[in-house]
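Text of the file model_27.cif, holding mmCIF, C-alpha atoms:
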```
data_upload
#
loop_
_atom_site.label_atom_id
_atom_site.label_comp_id
_atom_site.auth_asym_id
_atom_site.auth_seq_id
_atom_site.Cartn_x
_atom_site.Cartn_y
_atom_site.Cartn_z
CA MET Z 1 19.99 0.09 -25.54
CA SER Z 2 18.09 -2.75 -23.86
CA PHE Z 3 16.78 -2.51 -20.30
CA THR Z 4 18.03 -4.91 -17.65
CA PRO Z 5 15.94 -4.74 -14.47
CA PRO Z 6 18.06 -4.21 -11.36
CA PRO Z 7 17.71 -6.63 -8.44
CA TYR Z 8 14.64 -5.93 -6.34
CA PRO Z 9 15.98 -4.08 -3.27
CA TYR Z 10 14.51 -6.29 -0.55
CA GLU Z 11 15.88 -9.43 -2.20
CA ARG Z 12 19.37 -8.17 -1.31
CA LEU Z 13 18.82 -8.67 2.42
CA ASP Z 14 19.74 -12.37 2.69
CA GLU Z 15 22.87 -11.71 4.78
CA VAL Z 16 20.97 -9.43 7.18
CA ARG Z 17 18.15 -11.96 7.51
CA ALA Z 18 20.64 -14.74 8.29
CA LEU Z 19 22.20 -12.66 11.09
CA ALA Z 20 18.76 -11.93 12.54
CA ALA Z 21 17.71 -15.58 12.34
CA ALA Z 22 20.62 -16.54 14.61
CA VAL Z 23 19.32 -14.32 17.44
CA GLU Z 24 17.37 -15.93 20.26
CA GLY Z 25 13.71 -15.19 19.63
CA GLY Z 26 14.20 -15.18 15.86
CA PRO Z 27 14.11 -12.43 13.24
CA LEU Z 28 11.75 -9.46 13.32
CA ASP Z 29 11.24 -8.24 9.76
CA CYS Z 30 10.89 -4.46 9.80
CA SER Z 31 12.38 -3.99 6.34
CA VAL Z 32 9.17 -3.67 4.31
CA GLY Z 33 6.16 -1.48 5.12
CA THR Z 34 3.77 -4.41 4.94
CA PRO Z 35 1.01 -3.97 7.56
CA GLY Z 36 1.19 -6.72 10.17
CA ASP Z 37 -1.97 -5.90 12.14
CA GLU Z 38 -5.43 -7.28 11.48
CA PRO Z 39 -7.68 -5.45 9.02
CA PRO Z 40 -11.00 -4.11 10.34
CA ALA Z 41 -13.65 -6.69 11.19
CA PHE Z 42 -16.05 -5.60 8.46
CA VAL Z 43 -13.68 -6.81 5.73
CA ALA Z 44 -14.36 -10.53 6.07
CA ALA Z 45 -18.12 -10.02 6.25
CA GLU Z 46 -18.15 -7.83 3.15
CA LEU Z 47 -15.94 -10.21 1.15
CA ALA Z 48 -18.28 -13.07 2.06
CA ARG Z 49 -21.14 -11.19 0.38
CA ALA Z 50 -19.11 -11.17 -2.87
CA ARG Z 51 -20.80 -8.05 -4.20
CA GLY Z 52 -19.69 -7.35 -7.75
CA VAL Z 53 -18.06 -10.73 -8.34
CA ARG Z 54 -20.16 -11.72 -11.37
CA GLY Z 55 -19.58 -8.93 -13.86
CA TYR Z 56 -16.59 -6.89 -14.95
CA PRO Z 57 -15.94 -4.09 -12.46
CA SER Z 58 -15.74 -0.45 -13.44
CA SER Z 59 -12.15 0.54 -14.20
CA ALA Z 60 -12.70 4.04 -12.82
CA GLY Z 61 -14.47 2.62 -9.77
CA ALA Z 62 -18.11 2.26 -8.82
CA LEU Z 63 -19.86 5.60 -8.44
CA GLU Z 64 -20.82 4.77 -4.83
CA LEU Z 65 -17.16 4.20 -3.93
CA ARG Z 66 -15.95 7.34 -5.72
CA GLN Z 67 -18.63 9.37 -3.96
CA GLY Z 68 -17.51 7.85 -0.66
CA ILE Z 69 -13.93 8.86 -1.43
CA VAL Z 70 -15.07 12.40 -2.23
CA GLU Z 71 -16.79 12.57 1.16
CA TRP Z 72 -13.68 11.20 2.89
CA LEU Z 73 -11.46 13.79 1.18
CA GLU Z 74 -13.76 16.54 2.41
CA ARG Z 75 -13.72 15.20 5.98
CA ARG Z 76 -9.98 14.59 6.05
CA PHE Z 77 -8.63 17.58 4.10
CA ALA Z 78 -11.57 20.00 3.74
CA VAL Z 79 -11.40 19.85 -0.06
CA ALA Z 80 -14.44 19.71 -2.35
CA LEU Z 81 -14.19 17.47 -5.42
CA GLY Z 82 -16.69 15.73 -7.65
CA PRO Z 83 -16.72 11.97 -8.31
CA ASP Z 84 -15.43 12.58 -11.86
CA GLN Z 85 -12.23 13.90 -10.29
CA VAL Z 86 -11.54 10.51 -8.66
CA ALA Z 87 -10.59 7.16 -10.19
CA LEU Z 88 -9.25 3.87 -8.83
CA CYS Z 89 -5.91 2.18 -9.30
CA VAL Z 90 -4.88 -1.41 -8.58
CA GLY Z 91 -2.89 -0.41 -5.52
CA THR Z 92 -0.87 2.77 -5.78
CA LYS Z 93 2.43 1.10 -6.69
CA GLU Z 94 1.26 0.19 -10.19
CA PHE Z 95 -0.03 3.74 -10.60
CA VAL Z 96 3.31 5.21 -9.49
CA ALA Z 97 5.18 2.88 -11.85
CA SER Z 98 2.97 3.57 -14.88
CA LEU Z 99 2.03 7.25 -14.56
CA ALA Z 100 5.09 8.68 -16.31
CA GLY Z 101 4.64 6.41 -19.32
CA TYR Z 102 0.98 7.34 -19.75
CA LEU Z 103 1.71 11.05 -19.39
CA HIS Z 104 4.52 10.77 -21.94
CA LEU Z 105 2.05 9.42 -24.50
CA ARG Z 106 0.12 12.66 -24.01
CA ARG Z 107 3.18 14.94 -24.11
CA PRO Z 108 5.95 13.15 -26.04
CA GLU Z 109 8.07 16.34 -26.21
CA ARG Z 110 8.76 16.05 -22.46
CA ASP Z 111 11.07 13.27 -21.26
CA THR Z 112 12.02 13.91 -17.62
CA VAL Z 113 10.61 12.80 -14.25
CA LEU Z 114 11.66 14.73 -11.15
CA TYR Z 115 11.56 12.99 -7.78
CA PRO Z 116 12.96 13.48 -4.23
CA GLU Z 117 16.59 12.36 -3.94
CA VAL Z 118 15.75 10.15 -0.93
CA SER Z 119 12.44 8.47 -1.65
CA TYR Z 120 10.37 5.45 -2.58
CA PRO Z 121 12.37 3.85 -5.43
CA THR Z 122 9.36 3.35 -7.72
CA TYR Z 123 9.27 7.07 -8.57
CA ALA Z 124 12.58 6.75 -10.43
CA MET Z 125 11.80 3.23 -11.68
CA GLY Z 126 8.57 4.48 -13.27
CA ALA Z 127 10.64 6.84 -15.41
CA GLN Z 128 13.07 4.07 -16.36
CA LEU Z 129 10.25 1.68 -17.30
CA ALA Z 130 8.89 4.36 -19.64
CA GLY Z 131 12.33 5.00 -21.20
CA LEU Z 132 12.50 8.48 -19.65
CA ARG Z 133 15.07 10.45 -17.67
CA ALA Z 134 14.83 10.30 -13.87
CA VAL Z 135 16.33 13.37 -12.17
CA ALA Z 136 16.63 13.57 -8.38
CA VAL Z 137 15.68 16.80 -6.59
CA PRO Z 138 17.71 17.52 -3.43
CA ARG Z 139 16.09 18.37 -0.11
CA ARG Z 140 16.92 21.33 2.09
CA GLU Z 141 15.66 21.54 5.66
CA GLY Z 142 13.24 18.71 5.00
CA LEU Z 143 11.65 20.20 1.87
CA LEU Z 144 12.20 19.72 -1.84
CA ASP Z 145 14.75 22.32 -2.93
CA LEU Z 146 12.75 23.51 -5.94
CA GLY Z 147 15.26 26.30 -6.58
CA ALA Z 148 17.95 23.67 -7.19
CA ILE Z 149 16.13 22.21 -10.21
CA ASP Z 150 18.15 22.97 -13.33
CA PRO Z 151 16.05 25.20 -15.67
CA ALA Z 152 16.91 22.82 -18.52
CA ASP Z 153 15.46 19.91 -16.54
CA ALA Z 154 12.38 21.96 -15.65
CA GLN Z 155 11.77 22.62 -19.35
CA ARG Z 156 11.94 18.91 -20.12
CA ALA Z 157 9.98 17.82 -17.05
CA LEU Z 158 6.80 15.85 -17.54
CA LEU Z 159 6.13 15.01 -13.90
CA LEU Z 160 7.27 15.98 -10.40
CA TRP Z 161 6.70 13.55 -7.53
CA ALA Z 162 6.13 14.74 -3.99
CA ASN Z 163 5.52 12.58 -0.91
CA ALA Z 164 4.10 13.67 2.44
CA PRO Z 165 4.61 12.21 4.97
CA ALA Z 166 7.72 11.10 3.16
CA ASN Z 167 8.90 7.53 2.84
CA PRO Z 168 11.46 6.88 4.31
CA THR Z 169 12.25 10.10 6.18
CA GLY Z 170 8.85 11.03 7.63
CA GLU Z 171 9.25 14.65 6.56
CA LEU Z 172 6.23 16.83 5.74
CA GLU Z 173 6.47 18.57 2.39
CA ASP Z 174 5.16 22.07 1.60
CA LEU Z 175 2.71 20.72 -0.97
CA GLY Z 176 1.33 24.15 -1.79
CA ALA Z 177 4.77 25.36 -2.87
CA VAL Z 178 5.30 22.22 -4.95
CA ALA Z 179 1.94 22.68 -6.69
CA GLN Z 180 2.76 26.33 -7.39
CA TRP Z 181 6.13 25.35 -8.93
CA GLY Z 182 4.41 22.75 -11.11
CA ARG Z 183 1.86 25.21 -12.44
CA ALA Z 184 4.53 27.84 -13.12
CA HIS Z 185 6.53 25.33 -15.18
CA ASP Z 186 3.60 23.45 -16.74
CA VAL Z 187 4.64 20.23 -14.99
CA VAL Z 188 2.17 17.74 -13.52
CA VAL Z 189 2.63 17.32 -9.77
CA ALA Z 190 1.75 13.92 -8.33
CA SER Z 191 1.58 13.83 -4.54
CA ASP Z 192 1.88 10.42 -2.90
CA GLU Z 193 -0.14 10.78 0.30
CA CYS Z 194 -0.64 7.17 1.38
CA TYR Z 195 0.72 7.89 4.90
CA ALA Z 196 -1.42 11.00 5.47
CA ASP Z 197 -3.49 9.32 8.19
CA PHE Z 198 -0.28 8.83 10.17
CA THR Z 199 0.69 12.48 10.47
CA TRP Z 200 2.11 13.17 13.93
CA ARG Z 201 2.92 16.89 13.63
CA GLY Z 202 -0.05 19.07 12.76
CA ASP Z 203 -2.98 18.10 10.57
CA PRO Z 204 -2.87 15.72 7.59
CA ARG Z 205 -2.14 17.59 4.39
CA SER Z 206 -2.92 17.13 0.70
CA VAL Z 207 -1.80 18.83 -2.48
CA LEU Z 208 -5.52 19.21 -3.26
CA GLN Z 209 -5.74 21.91 -0.59
CA SER Z 210 -3.95 24.23 -3.02
CA GLY Z 211 -6.42 23.59 -5.85
CA THR Z 212 -6.70 20.80 -8.38
CA VAL Z 213 -5.25 22.35 -11.55
CA GLY Z 214 -2.24 20.35 -12.71
CA VAL Z 215 -2.08 18.10 -9.63
CA LEU Z 216 -2.96 14.56 -8.62
CA ALA Z 217 -3.17 13.17 -5.09
CA VAL Z 218 -2.55 9.44 -4.70
CA HIS Z 219 -4.06 7.46 -1.80
CA SER Z 220 -4.51 3.85 -0.73
CA ILE Z 221 -6.29 1.64 1.82
CA SER Z 222 -3.12 -0.47 2.14
CA LYS Z 223 -1.64 1.45 5.06
CA ARG Z 224 -4.64 3.14 6.71
CA SER Z 225 -6.74 -0.05 6.82
CA ASN Z 226 -4.10 -2.84 6.86
CA LEU Z 227 -5.34 -3.99 3.45
CA ALA Z 228 -2.20 -4.03 1.32
CA GLY Z 229 -3.25 -7.37 -0.15
CA ALA Z 230 -6.52 -5.91 -1.45
CA ARG Z 231 -4.68 -3.64 -3.92
CA VAL Z 232 -7.09 -0.71 -3.84
CA GLY Z 233 -5.94 2.85 -4.30
CA PHE Z 234 -7.18 6.00 -5.97
CA TYR Z 235 -5.94 9.15 -7.66
CA ALA Z 236 -7.78 12.45 -7.56
CA GLY Z 237 -7.39 16.02 -8.71
CA ASP Z 238 -7.25 17.76 -12.09
CA GLU Z 239 -10.43 16.74 -13.91
CA ASP Z 240 -8.83 16.65 -17.39
CA LEU Z 241 -5.88 14.58 -16.15
CA VAL Z 242 -8.16 12.15 -14.33
CA ALA Z 243 -10.38 11.76 -17.41
CA TYR Z 244 -7.35 11.08 -19.64
CA LEU Z 245 -5.79 8.57 -17.26
CA ARG Z 246 -9.12 6.88 -16.60
CA LEU Z 247 -9.60 6.21 -20.32
CA VAL Z 248 -6.01 5.05 -20.93
CA ARG Z 249 -6.15 2.74 -17.95
CA GLN Z 250 -9.51 1.37 -19.07
CA HIS Z 251 -7.93 0.43 -22.41
CA ALA Z 252 -5.13 -1.28 -20.47
CA GLY Z 253 -7.67 -3.38 -18.56
CA LEU Z 254 -6.71 -2.07 -15.13
CA MET Z 255 -9.62 -2.87 -12.79
CA VAL Z 256 -9.97 -3.31 -9.04
CA PRO Z 257 -12.06 -6.45 -8.38
CA GLY Z 258 -15.69 -5.67 -7.57
CA PRO Z 259 -15.80 -7.24 -4.07
CA LEU Z 260 -12.72 -5.25 -3.09
CA GLN Z 261 -14.31 -2.04 -4.31
CA ALA Z 262 -17.15 -2.80 -1.89
CA VAL Z 263 -14.63 -3.34 0.94
CA ALA Z 264 -12.94 -0.03 0.13
CA GLN Z 265 -16.27 1.77 0.33
CA PHE Z 266 -16.59 0.57 3.94
CA ALA Z 267 -12.95 1.40 4.70
CA TYR Z 268 -13.32 5.05 3.69
CA ALA Z 269 -16.57 5.36 5.65
CA ASP Z 270 -15.05 4.20 8.94
CA GLU Z 271 -12.46 6.09 11.01
CA ASP Z 272 -12.46 4.06 14.23
CA HIS Z 273 -10.11 1.39 12.87
CA VAL Z 274 -7.72 4.10 11.64
CA VAL Z 275 -7.64 5.81 15.04
CA ALA Z 276 -6.77 2.49 16.67
CA GLN Z 277 -3.99 1.85 14.15
CA ARG Z 278 -2.57 5.33 14.68
CA GLN Z 279 -2.22 4.60 18.39
CA ARG Z 280 -0.40 1.32 17.70
CA TYR Z 281 2.10 2.87 15.31
CA LEU Z 282 2.86 5.86 17.52
CA GLU Z 283 3.42 3.62 20.55
CA ARG Z 284 5.86 1.46 18.56
CA LEU Z 285 7.70 4.43 17.11
CA GLU Z 286 8.26 5.94 20.54
CA LEU Z 287 9.26 2.62 22.10
CA LEU Z 288 11.84 1.72 19.46
CA ALA Z 289 13.15 5.28 19.04
CA ASP Z 290 13.94 5.37 22.76
CA ALA Z 291 15.69 1.98 22.68
CA LEU Z 292 17.79 2.94 19.68
CA ALA Z 293 18.77 6.27 21.26
CA ARG Z 294 20.00 4.36 24.34
CA SER Z 295 22.12 2.24 21.97
CA GLY Z 296 23.77 5.24 20.36
CA VAL Z 297 21.58 5.28 17.25
CA GLU Z 298 19.85 8.50 16.26
CA ALA Z 299 16.26 7.60 15.31
CA PRO Z 300 13.83 10.42 16.16
CA VAL Z 301 10.08 9.87 15.98
CA PRO Z 302 9.18 11.22 12.51
CA ASP Z 303 6.75 14.00 11.68
CA GLY Z 304 4.65 11.40 9.89
CA GLY Z 305 4.56 7.81 8.67
CA PHE Z 306 5.47 4.62 10.50
CA TYR Z 307 9.18 4.45 9.70
CA LEU Z 308 12.20 5.35 11.79
CA TRP Z 309 14.96 6.88 9.67
CA ALA Z 310 17.95 5.88 11.76
CA HIS Z 311 21.61 6.85 11.68
CA ARG Z 312 24.75 6.40 13.72
CA ALA Z 313 27.80 8.58 13.18
CA GLY Z 314 30.65 6.72 11.51
CA SER Z 315 28.50 3.86 10.19
CA ASP Z 316 26.93 3.32 6.80
CA GLY Z 317 23.48 1.83 6.38
CA TRP Z 318 24.58 -1.71 5.55
CA ALA Z 319 26.90 -1.89 8.58
CA LEU Z 320 24.16 -0.57 10.87
CA ALA Z 321 21.64 -3.04 9.40
CA ARG Z 322 23.99 -5.93 10.09
CA GLU Z 323 24.63 -4.76 13.63
CA LEU Z 324 20.93 -4.32 14.46
CA ALA Z 325 20.21 -7.78 13.04
CA SER Z 326 22.92 -9.51 15.06
CA ARG Z 327 22.12 -7.67 18.31
CA SER Z 328 18.34 -7.60 18.29
CA GLY Z 329 16.96 -9.70 15.42
CA LEU Z 330 15.67 -6.61 13.64
CA VAL Z 331 15.74 -6.85 9.84
CA VAL Z 332 15.85 -3.29 8.49
CA SER Z 333 16.43 -1.67 5.11
CA PRO Z 334 19.73 0.07 4.32
CA GLY Z 335 19.07 3.64 3.28
CA GLU Z 336 20.80 3.09 -0.05
CA PHE Z 337 17.54 1.46 -1.24
CA TYR Z 338 15.97 4.94 -1.25
CA GLY Z 339 18.78 6.80 -3.03
CA ALA Z 340 22.50 7.34 -2.70
CA ALA Z 341 21.91 10.34 -0.41
CA GLY Z 342 20.42 7.98 2.18
CA ALA Z 343 23.34 5.54 2.26
CA ASP Z 344 24.32 6.34 5.86
CA HIS Z 345 20.83 5.57 7.26
CA VAL Z 346 18.51 2.60 7.72
CA ARG Z 347 14.73 2.53 7.53
CA ILE Z 348 12.81 0.64 10.21
CA ALA Z 349 9.11 -0.12 9.64
CA VAL Z 350 7.24 -0.55 12.93
CA VAL Z 351 4.76 -2.98 11.38
CA GLN Z 352 5.38 -5.93 13.70
CA PRO Z 353 3.32 -6.59 16.86
CA THR Z 354 4.11 -4.26 19.74
CA GLU Z 355 5.21 -7.09 22.04
CA ARG Z 356 7.75 -8.29 19.48
CA ILE Z 357 9.12 -4.80 18.95
CA ALA Z 358 9.37 -4.46 22.75
CA ALA Z 359 11.38 -7.71 22.86
CA ALA Z 360 13.77 -6.40 20.19
CA ALA Z 361 14.13 -3.19 22.19
CA GLN Z 362 15.07 -5.21 25.28
CA ARG Z 363 17.70 -7.11 23.32
CA LEU Z 364 19.14 -3.79 22.15
CA ALA Z 365 19.33 -2.64 25.76
CA ARG Z 366 21.26 -5.76 26.73
#
```
Could you take the file, read its structure, and then write that structure out as structure tokens?
Amino acid sequence: MSFTPPPYPYERLDEVRALAAAVEGGPLDCSVGTPGDEPPAFVAAELARARGVRGYPSSAGALELRQGIVEWLERRFAVALGPDQVALCVGTKEFVASLAGYLHLRRPERDTVLYPEVSYPTYAMGAQLAGLRAVAVPRREGLLDLGAIDPADAQRALLLWANAPANPTGELEDLGAVAQWGRAHDVVVASDECYADFTWRGDPRSVLQSGTVGVLAVHSISKRSNLAGARVGFYAGDEDLVAYLRLVRQHAGLMVPGPLQAVAQFAYADEDHVVAQRQRYLERLELLADALARSGVEAPVPDGGFYLWAHRAGSDGWALARELASRSGLVVSPGEFYGAAGADHVRIAVVQPTERIAAAAQRLAR
């Protein structure tokens, strides 16, 4: 059977965008988690130096950058890794989309990818692109319901995705329990942690805090440093898995450009710009959550991340998206994009300037 790619989710928002464009003040696109704030000042200066532009860059990543990442992981999560347990990816989306296929080459007897039932759609798409089964895992009280996984699916499972803070819900997963389940069932656990720096309840968490055997943590400078266009991410954890993936990906020619590796080294060495960005996102979350609550929309500040997962009783996500667009100019994502179980919600990314979000909040109040 041939594969026909489905429409890209955000290309289905034309009607919502048209409604928002008719609002005085124009549309405010909060549908995609694309950072809208300036990257740190050191980025332009470092790019101007063009370090590493002449030769082919290391696919795994320059040793200096990997060592810098190791030091950042120790500061952020109190975990001790070596540089051979870290390798780069060309932004984490391509890694998420390709991981299942590469793991299947290693273990062809396993054909199933497990992923949260409401989640970033690329987890399931990565399985489909590799010709594998994608099986959703339900959540219970904000956590993956690991006991609900069918034993037959567990036997066939190649990979289990976790995400904390979760996109789109902002929930904080028990990553230790997920890692334990993976080891008990001989299933690789990949933990997408790209929003870890925006954890509002408690300390940032990583699957690496439960040990590295059988697990990979996935991180990026896209969100923490407003550098989504740079396409620099990394994966870290199980030394054998990292070595295997590093070699496969080297054969595939996947390399982060040298000047951007140099930028990433600075980004992981500096925390001041991240602290400032945290303050911006939290202010916007609180501002818009309050305005929505006054409009009869339930949108609590999440435990982590920079999305509001909003709901109004009696309305599905598409209807709520249209209403928010026509009343305030907000362009938001219907929850259906993240799985059928999210169809009665919308996701709102607070990535636009604070003054523009404040203006949308005022229009909601009117």
List as CSV every residue of segment 164-271 of chain Z that is in contact with segment 131-140 of chain Z, defined as an atom at most 12 Å from one of its atoms (using all atoms listed in the file), together with the nearest atom pair and the distance in Å rounded to one decimal, sorted by chain and then rising number.
```
residue,atom,partner,partner_atom,distance
Z:Ala166,CA,Z:Arg139,CA,11.6
Z:Thr169,CA,Z:Arg139,CA,11.1
Z:Glu171,CA,Z:Arg139,CA,10.3
Z:Leu172,CA,Z:Arg139,CA,11.6
Z:Glu173,CA,Z:Arg139,CA,9.9
Z:Asp174,CA,Z:Arg139,CA,11.7
Z:Val178,CA,Z:Val137,CA,11.8
```
Would you compute the distance between atom CA of Ala313 of chain Z and atom CA of Val346 of chain Z? Give it in Å to one decimal.
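Atom CA of Ala313 of chain Z sits 12.3 Å away from atom CA of Val346 of chain Z.
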Would you compute the distance between atom CA of Phe95 of chain Z and atom CA of Val218 of chain Z? Give it in Å to one decimal.
8.6 Å
Contact check, segment 191-244 of chain Z to segment 96-111 of chain Z, at most 9 Å, counting all atoms listed in the file, closest pairs as a tab-separated table:
```
residue	atom	partner	partner_atom	distance
Z:Asp192	CA	Z:Val96	CA	8.5
Z:Val218	CA	Z:Val96	CA	8.7
Z:Leu241	CA	Z:Leu103	CA	9.0
Z:Tyr244	CA	Z:Arg106	CA	8.8
```
Against segment 206-214 of chain Z, which residues of segment 224-255 of chain Z fall within 8 Å? For each one I want the closest pair of atoms and the distance in Å (one decimal), counting only C-alpha atoms, rows by chain and increasing residue number, as JSON lines.
```
{"residue": "Z:Gly237", "atom": "CA", "partner": "Z:Thr212", "partner_atom": "CA", "distance": 4.8}
{"residue": "Z:Asp238", "atom": "CA", "partner": "Z:Thr212", "partner_atom": "CA", "distance": 4.8}
{"residue": "Z:Glu239", "atom": "CA", "partner": "Z:Thr212", "partner_atom": "CA", "distance": 7.8}
{"residue": "Z:Leu241", "atom": "CA", "partner": "Z:Gly214", "partner_atom": "CA", "distance": 7.6}
```
Contact residues around segment 193-202 of chain Z with all atoms listed in the file at 9 Å, ignoring same-chain residues under 6 positions, as a PyMOL selection string:
chain Z and resi 76+92+162-167+170+172+217-224+233+274-275+277-278+281-282+301-306
Nearest residue to Ala361 of chain Z from the set Z:Gly182, Z:Gly82, Z:Gly329, Z:Pro300 (distances using all atoms listed in the file):
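Looking at the shortest contact to Ala361 of chain Z, the residue is Z:Gly329.
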Once the PyMOL selection byres ((chain Z and resi 12-15) around 12) has been evaluated on this model, what residues remain selected, and can you format them as a PyMOL selection string?
chain Z and resi 6-11+16-22+27+29-32+318-319+321-323+325-326+330-334+336-337
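Using only C-alpha atoms for every distance, the candidate list Z:Thr122, Z:Ser2, Z:Gln352, Z:Ser225 yields Z:Gln352 as the residue closest to Glu283 of chain Z.
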Hits of the PyMOL selection byres ((chain Z and resi 295) around 10) in this structure, as a PyMOL selection string:
chain Z and resi 289-294+296-298+312+361+364-366
